Amino acid sequence: EVPLSEVGPGQVLIKMLGASINPSDFGMIMGSYGRKKELPAVAGREGVGEIMEIGKNVNHLNPGQWVQFPDALGTWQEACIANAVGLKVLPEGLPLEMAATLFINPPTAWRLLHDFVELKSGDWIIQNAANSAVGQYVMQLAKIYGFHTVNVVRRDNLNKFVEEAGGDVCVVGGAGLSERVKTATDNAEIRLAI
């Protein structure tokens with residue numbers, strides 16, 4: 001346990017509402033994911049909190065607003081004092097589970113669909129690990145944009161799961177994958193592989 005300091009000028013007190021647990025969190029804890037935090041440190045990279053108190057000179061935020069919990073401070077804690085500048089306010093009415101998981105996997109999926117090739121409605125993409133969190137967001141976003149998805153998974157019986165997530169084709173990886181993909185897509189050109 002660590003005590004909270006007083007809310008100073010330009011700062012806010014944020015109460016944690018919900019935080020996710022991502023594989024990257026464990027990589028951070030083990031020191032194998034990108035950057036290492038200086039110890040002592042709080043784990044967790046994604047979550048949402050409620051502003052409970054604002055300090056002097058904070059004019060753009062109000063108590064009661066939900067904000068992205070600052071990942072640099074660690075999201076696996078009950079509360080923190082944070083600088084008000086740069087805090088992202090969330091739209092009102094988001095379900096807590098959605099708000100707490102908006103900041104890592106959805107933007108990753110968006111970038112995968114936009115950073116490598118220019119896709120247009122009707123284009124086909126293929127992805128592996130399709131039943132992962134990022135894979136599900138890729139399927140959902142692709143459906144919104146009108147892209148078709150081939151979703152490679154590791155085991156049978158995920159067709160319904162993929163369909164409900166917005167995917168078009170579900171195939172199990174392994175021998176003969178390229179031929180099965182050609183058959184399922186009527187030999188369509190695959191514009192992006194993730």
# chains A, B, ... in the order shown; residues from 1 in each chain; ligands from 1
>>> residues_around(residues="Val138 (chain A)", least_positions_apart="2", cutoff="10 Å", atoms="only C-alpha atoms", output="ChimeraX atom specification")
/A:105-113,125,127,130,132-136,140-144,147,149,151,165-167,194
>>> write_last_selection(atoms="N, CA, C and O atoms", output="mmCIF file, in the first residue's frame")
data_model
loop_
_atom_site.group_PDB
_atom_site.id
_atom_site.type_symbol
_atom_site.label_atom_id
_atom_site.label_comp_id
_atom_site.auth_asym_id
_atom_site.auth_seq_id
_atom_site.Cartn_x
_atom_site.Cartn_y
_atom_site.Cartn_z
ATOM 1 N N ASN A 105 -6.254 -3.163 -27.515
ATOM 2 C CA ASN A 105 -6.619 -4.037 -28.634
ATOM 3 C C ASN A 105 -7.404 -3.344 -29.749
ATOM 4 O O ASN A 105 -7.090 -3.553 -30.925
ATOM 5 N N PRO A 106 -8.418 -2.528 -29.465
ATOM 6 C CA PRO A 106 -9.116 -1.871 -30.579
ATOM 7 C C PRO A 106 -8.211 -0.986 -31.438
ATOM 8 O O PRO A 106 -8.256 -1.097 -32.673
ATOM 9 N N PRO A 107 -7.353 -0.135 -30.841
ATOM 10 C CA PRO A 107 -6.477 0.665 -31.704
ATOM 11 C C PRO A 107 -5.467 -0.186 -32.468
ATOM 12 O O PRO A 107 -5.109 0.152 -33.595
ATOM 13 N N THR A 108 -5.032 -1.297 -31.860
ATOM 14 C CA THR A 108 -4.120 -2.200 -32.565
ATOM 15 C C THR A 108 -4.799 -2.756 -33.809
ATOM 16 O O THR A 108 -4.220 -2.762 -34.902
ATOM 17 N N ALA A 109 -6.044 -3.219 -33.657
ATOM 18 C CA ALA A 109 -6.791 -3.756 -34.800
ATOM 19 C C ALA A 109 -6.981 -2.683 -35.868
ATOM 20 O O ALA A 109 -6.807 -2.953 -37.071
ATOM 21 N N TRP A 110 -7.329 -1.479 -35.464
ATOM 22 C CA TRP A 110 -7.528 -0.389 -36.420
ATOM 23 C C TRP A 110 -6.253 -0.138 -37.215
ATOM 24 O O TRP A 110 -6.278 -0.005 -38.443
ATOM 25 N N ARG A 111 -5.123 -0.089 -36.501
ATOM 26 C CA ARG A 111 -3.849 0.183 -37.181
ATOM 27 C C ARG A 111 -3.467 -0.949 -38.128
ATOM 28 O O ARG A 111 -2.924 -0.705 -39.203
ATOM 29 N N LEU A 112 -3.739 -2.195 -37.724
ATOM 30 C CA LEU A 112 -3.449 -3.318 -38.616
ATOM 31 C C LEU A 112 -4.212 -3.194 -39.928
ATOM 32 O O LEU A 112 -3.697 -3.546 -40.988
ATOM 33 N N LEU A 113 -5.434 -2.688 -39.855
ATOM 34 C CA LEU A 113 -6.259 -2.553 -41.055
ATOM 35 C C LEU A 113 -5.934 -1.300 -41.879
ATOM 36 O O LEU A 113 -6.381 -1.187 -43.021
ATOM 37 N N ILE A 125 -8.996 -9.941 -46.482
ATOM 38 C CA ILE A 125 -7.813 -10.018 -45.631
ATOM 39 C C ILE A 125 -7.805 -11.389 -44.974
ATOM 40 O O ILE A 125 -8.830 -12.066 -44.908
ATOM 41 N N GLN A 127 -6.174 -13.397 -41.401
ATOM 42 C CA GLN A 127 -5.478 -13.214 -40.125
ATOM 43 C C GLN A 127 -5.397 -14.553 -39.401
ATOM 44 O O GLN A 127 -6.282 -15.395 -39.515
ATOM 45 N N ALA A 130 -7.305 -15.633 -34.949
ATOM 46 C CA ALA A 130 -8.525 -14.857 -35.167
ATOM 47 C C ALA A 130 -9.427 -14.800 -33.942
ATOM 48 O O ALA A 130 -10.213 -13.867 -33.805
ATOM 49 N N SER A 132 -8.390 -14.350 -30.934
ATOM 50 C CA SER A 132 -7.782 -13.496 -29.913
ATOM 51 C C SER A 132 -8.587 -12.199 -29.804
ATOM 52 O O SER A 132 -9.442 -11.916 -30.639
ATOM 53 N N ALA A 133 -8.296 -11.413 -28.788
ATOM 54 C CA ALA A 133 -9.000 -10.137 -28.625
ATOM 55 C C ALA A 133 -8.770 -9.226 -29.829
ATOM 56 O O ALA A 133 -9.720 -8.649 -30.366
ATOM 57 N N VAL A 134 -7.525 -9.105 -30.283
ATOM 58 C CA VAL A 134 -7.245 -8.264 -31.448
ATOM 59 C C VAL A 134 -7.940 -8.838 -32.674
ATOM 60 O O VAL A 134 -8.525 -8.103 -33.474
ATOM 61 N N GLY A 135 -7.908 -10.155 -32.825
ATOM 62 C CA GLY A 135 -8.556 -10.790 -33.966
ATOM 63 C C GLY A 135 -10.046 -10.504 -34.019
ATOM 64 O O GLY A 135 -10.611 -10.266 -35.096
ATOM 65 N N GLN A 136 -10.689 -10.513 -32.869
ATOM 66 C CA GLN A 136 -12.120 -10.215 -32.830
ATOM 67 C C GLN A 136 -12.392 -8.781 -33.245
ATOM 68 O O GLN A 136 -13.340 -8.502 -33.988
ATOM 69 N N GLN A 140 -14.623 -7.305 -36.397
ATOM 70 C CA GLN A 140 -15.697 -6.326 -36.206
ATOM 71 C C GLN A 140 -15.468 -5.082 -37.057
ATOM 72 O O GLN A 140 -16.391 -4.586 -37.713
ATOM 73 N N LEU A 141 -14.239 -4.563 -37.040
ATOM 74 C CA LEU A 141 -13.937 -3.372 -37.838
ATOM 75 C C LEU A 141 -14.021 -3.677 -39.332
ATOM 76 O O LEU A 141 -14.536 -2.865 -40.111
ATOM 77 N N ALA A 142 -13.524 -4.832 -39.736
ATOM 78 C CA ALA A 142 -13.571 -5.202 -41.146
ATOM 79 C C ALA A 142 -15.015 -5.251 -41.636
ATOM 80 O O ALA A 142 -15.318 -4.793 -42.747
ATOM 81 N N LYS A 143 -15.895 -5.780 -40.827
ATOM 82 C CA LYS A 143 -17.309 -5.844 -41.215
ATOM 83 C C LYS A 143 -17.870 -4.431 -41.400
ATOM 84 O O LYS A 143 -18.585 -4.159 -42.364
ATOM 85 N N ILE A 144 -17.529 -3.523 -40.498
ATOM 86 C CA ILE A 144 -17.984 -2.129 -40.618
ATOM 87 C C ILE A 144 -17.482 -1.501 -41.916
ATOM 88 O O ILE A 144 -18.224 -0.807 -42.611
ATOM 89 N N PHE A 147 -14.825 -5.001 -45.501
ATOM 90 C CA PHE A 147 -13.771 -5.935 -45.883
ATOM 91 C C PHE A 147 -14.240 -7.354 -45.550
ATOM 92 O O PHE A 147 -15.000 -7.561 -44.605
ATOM 93 N N THR A 149 -13.112 -11.213 -44.350
ATOM 94 C CA THR A 149 -12.030 -11.778 -43.551
ATOM 95 C C THR A 149 -11.991 -13.298 -43.646
ATOM 96 O O THR A 149 -13.007 -13.968 -43.593
ATOM 97 N N ASN A 151 -10.343 -16.110 -41.366
ATOM 98 C CA ASN A 151 -9.898 -16.139 -39.976
ATOM 99 C C ASN A 151 -9.345 -17.508 -39.637
ATOM 100 O O ASN A 151 -10.074 -18.497 -39.570
ATOM 101 N N ALA A 165 -18.556 -12.890 -34.334
ATOM 102 C CA ALA A 165 -17.634 -11.762 -34.217
ATOM 103 C C ALA A 165 -17.594 -10.926 -35.499
ATOM 104 O O ALA A 165 -16.947 -9.886 -35.528
ATOM 105 N N GLY A 166 -18.270 -11.388 -36.555
ATOM 106 C CA GLY A 166 -18.303 -10.627 -37.794
ATOM 107 C C GLY A 166 -17.434 -11.186 -38.895
ATOM 108 O O GLY A 166 -17.323 -10.587 -39.963
ATOM 109 N N GLY A 167 -16.787 -12.330 -38.641
ATOM 110 C CA GLY A 167 -15.908 -12.922 -39.642
ATOM 111 C C GLY A 167 -16.677 -13.594 -40.765
ATOM 112 O O GLY A 167 -17.817 -14.017 -40.588
ATOM 113 N N ILE A 194 -2.481 -10.682 -41.765
ATOM 114 C CA ILE A 194 -2.171 -10.253 -40.393
ATOM 115 C C ILE A 194 -1.822 -11.491 -39.586
ATOM 116 O O ILE A 194 -2.614 -12.406 -39.505
#
>>> select_by_dssp(residues="chain A", states="alpha helix (DSSP H)", output="PyMOL selection string")
chain A and resi 23-30+96-99+105-114+133-145+159-164+177-184
>>> atom_distance(atom1="CA of Gln77 (chain A)", atom2="CA of Pro3 (chain A)")
11.7 Å
>>> residues_around(residues="Val172 (chain A)", least_positions_apart="5", cutoff="7 Å", atoms="only C-alpha atoms", output="VMD selection string")
chain A and resid 152 to 156
>>> write_last_selection(atoms="N, CA and C atoms", output="PDB file, in the first residue's frame")
ATOM      1  N   VAL A 152      -8.028 -17.561 -39.444  1.00  0.00           N
ATOM      2  CA  VAL A 152      -7.340 -18.816 -39.169  1.00  0.00           C
ATOM      3  C   VAL A 152      -7.292 -19.028 -37.657  1.00  0.00           C
ATOM      4  N   VAL A 153      -7.752 -20.194 -37.240  1.00  0.00           N
ATOM      5  CA  VAL A 153      -7.766 -20.569 -35.823  1.00  0.00           C
ATOM      6  C   VAL A 153      -7.005 -21.878 -35.655  1.00  0.00           C
ATOM      7  N   ARG A 154      -6.781 -22.300 -34.411  1.00  0.00           N
ATOM      8  CA  ARG A 154      -5.986 -23.502 -34.156  1.00  0.00           C
ATOM      9  C   ARG A 154      -6.807 -24.754 -33.905  1.00  0.00           C
ATOM     10  N   ARG A 155      -8.120 -24.598 -33.711  1.00  0.00           N
ATOM     11  CA  ARG A 155      -8.928 -25.784 -33.400  1.00  0.00           C
ATOM     12  C   ARG A 155     -10.291 -25.695 -34.084  1.00  0.00           C
ATOM     13  N   ASP A 156     -10.905 -26.840 -34.247  1.00  0.00           N
ATOM     14  CA  ASP A 156     -12.239 -26.924 -34.837  1.00  0.00           C
ATOM     15  C   ASP A 156     -13.279 -26.288 -33.922  1.00  0.00           C
TER      16      ASP A 156
END
>>> closest_residue(among="A:Val7, A:Met28, A:Met139, A:Val48", to="Met98 (chain A)", atoms="only C-alpha atoms")
A:Val48
>>> residues_around(residues="Glu50 (chain A)", least_positions_apart="2", cutoff="12 Å", atoms="only C-alpha atoms", output="ChimeraX atom specification")
/A:12-18,47-48,52-54,61-70,78-82,87-90,92,96,99-100
>>> select_by_dssp(residues="region 50-191 of chain A", states="strand (DSSP E or B)", output="MDAnalysis selection string")
chainID A and resid 50:54 66:68 79:83 89 124:127 148:153 169:172 190:191
>>> atom_distance(atom1="CA of Val171 (chain A)", atom2="CA of Ser24 (chain A)")
26.5 Å
>>> closest_residue(among="A:Ala43, A:Leu158, A:Leu94, A:Ile51", to="Asp25 (chain A)", atoms="only C-alpha atoms")
A:Ala43
>>> residues_around(residues="Val181 (chain A)", least_positions_apart="6", cutoff="10 Å", atoms="only C-alpha atoms", output="PDB file with N, CA and C atoms, in the first residue's frame")
ATOM      1  N   ILE A 126      -6.645 -11.815 -44.508  1.00  0.00           N
ATOM      2  CA  ILE A 126      -6.518 -13.055 -43.758  1.00  0.00           C
ATOM      3  C   ILE A 126      -5.769 -12.749 -42.469  1.00  0.00           C
ATOM      4  N   VAL A 150     -10.763 -13.805 -43.786  1.00  0.00           N
ATOM      5  CA  VAL A 150     -10.466 -15.221 -43.598  1.00  0.00           C
ATOM      6  C   VAL A 150      -9.790 -15.304 -42.237  1.00  0.00           C
ATOM      7  N   ASN A 151     -10.343 -16.110 -41.366  1.00  0.00           N
ATOM      8  CA  ASN A 151      -9.898 -16.139 -39.976  1.00  0.00           C
ATOM      9  C   ASN A 151      -9.345 -17.508 -39.637  1.00  0.00           C
ATOM     10  N   VAL A 152      -8.028 -17.561 -39.444  1.00  0.00           N
ATOM     11  CA  VAL A 152      -7.340 -18.816 -39.169  1.00  0.00           C
ATOM     12  C   VAL A 152      -7.292 -19.028 -37.657  1.00  0.00           C
ATOM     13  N   VAL A 169     -15.035 -16.121 -43.103  1.00  0.00           N
ATOM     14  CA  VAL A 169     -14.573 -17.492 -43.300  1.00  0.00           C
ATOM     15  C   VAL A 169     -13.731 -17.879 -42.094  1.00  0.00           C
ATOM     16  N   CYS A 170     -13.949 -19.104 -41.598  1.00  0.00           N
ATOM     17  CA  CYS A 170     -13.150 -19.641 -40.491  1.00  0.00           C
ATOM     18  C   CYS A 170     -12.468 -20.910 -40.980  1.00  0.00           C
ATOM     19  N   VAL A 171     -11.149 -20.976 -40.860  1.00  0.00           N
ATOM     20  CA  VAL A 171     -10.401 -22.168 -41.250  1.00  0.00           C
ATOM     21  C   VAL A 171      -9.406 -22.513 -40.146  1.00  0.00           C
ATOM     22  N   ASN A 187     -11.123 -18.221 -54.721  1.00  0.00           N
ATOM     23  CA  ASN A 187      -9.825 -17.794 -55.262  1.00  0.00           C
ATOM     24  C   ASN A 187      -9.654 -16.270 -55.297  1.00  0.00           C
ATOM     25  N   ALA A 188     -10.246 -15.585 -54.318  1.00  0.00           N
ATOM     26  CA  ALA A 188     -10.135 -14.118 -54.262  1.00  0.00           C
ATOM     27  C   ALA A 188      -8.699 -13.688 -53.927  1.00  0.00           C
ATOM     28  N   ILE A 190      -6.096 -11.958 -51.824  1.00  0.00           N
ATOM     29  CA  ILE A 190      -5.971 -11.555 -50.413  1.00  0.00           C
ATOM     30  C   ILE A 190      -5.071 -10.331 -50.385  1.00  0.00           C
TER      31      ILE A 190
END
>>> closest_residue(among="A:Lys120, A:Arg45, A:His60, A:Arg191", to="Pro23 (chain A)", atoms="only C-alpha atoms")
A:Arg45
>>> atom_distance(atom1="CA of Asn128 (chain A)", atom2="CA of Gly173 (chain A)")
8.1 Å
>>> decode(residues="region 34-48 of chain A", atoms="N, CA and C atoms", output="CSV table (one decimal), in the first residue's frame")
chain,number,residue,atom,x,y,z
A,34,GLY,N,8.9,-4.5,-24.4
A,34,GLY,CA,9.1,-3.1,-24.7
A,34,GLY,C,9.9,-2.4,-23.7
A,35,ARG,N,9.3,-1.6,-22.9
A,35,ARG,CA,9.9,-0.8,-21.9
A,35,ARG,C,9.8,-1.4,-20.5
A,36,LYS,N,10.8,-1.1,-19.7
A,36,LYS,CA,10.7,-1.6,-18.3
A,36,LYS,C,10.4,-0.4,-17.4
A,37,LYS,N,9.5,-0.6,-16.5
A,37,LYS,CA,9.2,0.4,-15.5
A,37,LYS,C,10.2,0.4,-14.4
A,38,GLU,N,10.5,1.5,-13.9
A,38,GLU,CA,11.4,1.6,-12.7
A,38,GLU,C,10.7,1.1,-11.5
A,39,LEU,N,11.3,0.3,-10.7
A,39,LEU,CA,10.7,-0.2,-9.5
A,39,LEU,C,10.9,0.7,-8.3
A,40,PRO,N,10.0,0.8,-7.4
A,40,PRO,CA,8.7,0.1,-7.3
A,40,PRO,C,7.7,0.6,-8.4
A,41,ALA,N,6.9,-0.3,-8.9
A,41,ALA,CA,6.0,0.1,-10.0
A,41,ALA,C,4.6,-0.6,-9.8
A,42,VAL,N,3.6,0.0,-10.4
A,42,VAL,CA,2.3,-0.7,-10.4
A,42,VAL,C,2.1,-1.3,-11.8
A,43,ALA,N,1.6,-2.5,-11.8
A,43,ALA,CA,1.4,-3.2,-13.1
A,43,ALA,C,0.0,-2.7,-13.7
A,44,GLY,N,-0.2,-3.1,-14.9
A,44,GLY,CA,-1.5,-2.8,-15.6
A,44,GLY,C,-1.3,-1.6,-16.6
A,45,ARG,N,-1.9,-1.8,-17.8
A,45,ARG,CA,-1.7,-0.8,-18.8
A,45,ARG,C,-3.0,-0.3,-19.4
A,46,GLU,N,-4.2,-0.8,-19.0
A,46,GLU,CA,-5.4,-0.4,-19.6
A,46,GLU,C,-6.5,-0.4,-18.6
A,47,GLY,N,-7.2,0.7,-18.5
A,47,GLY,CA,-8.3,0.8,-17.6
A,47,GLY,C,-9.0,2.2,-17.6
A,48,VAL,N,-10.1,2.3,-16.9
A,48,VAL,CA,-10.9,3.5,-16.9
A,48,VAL,C,-11.1,3.9,-15.4
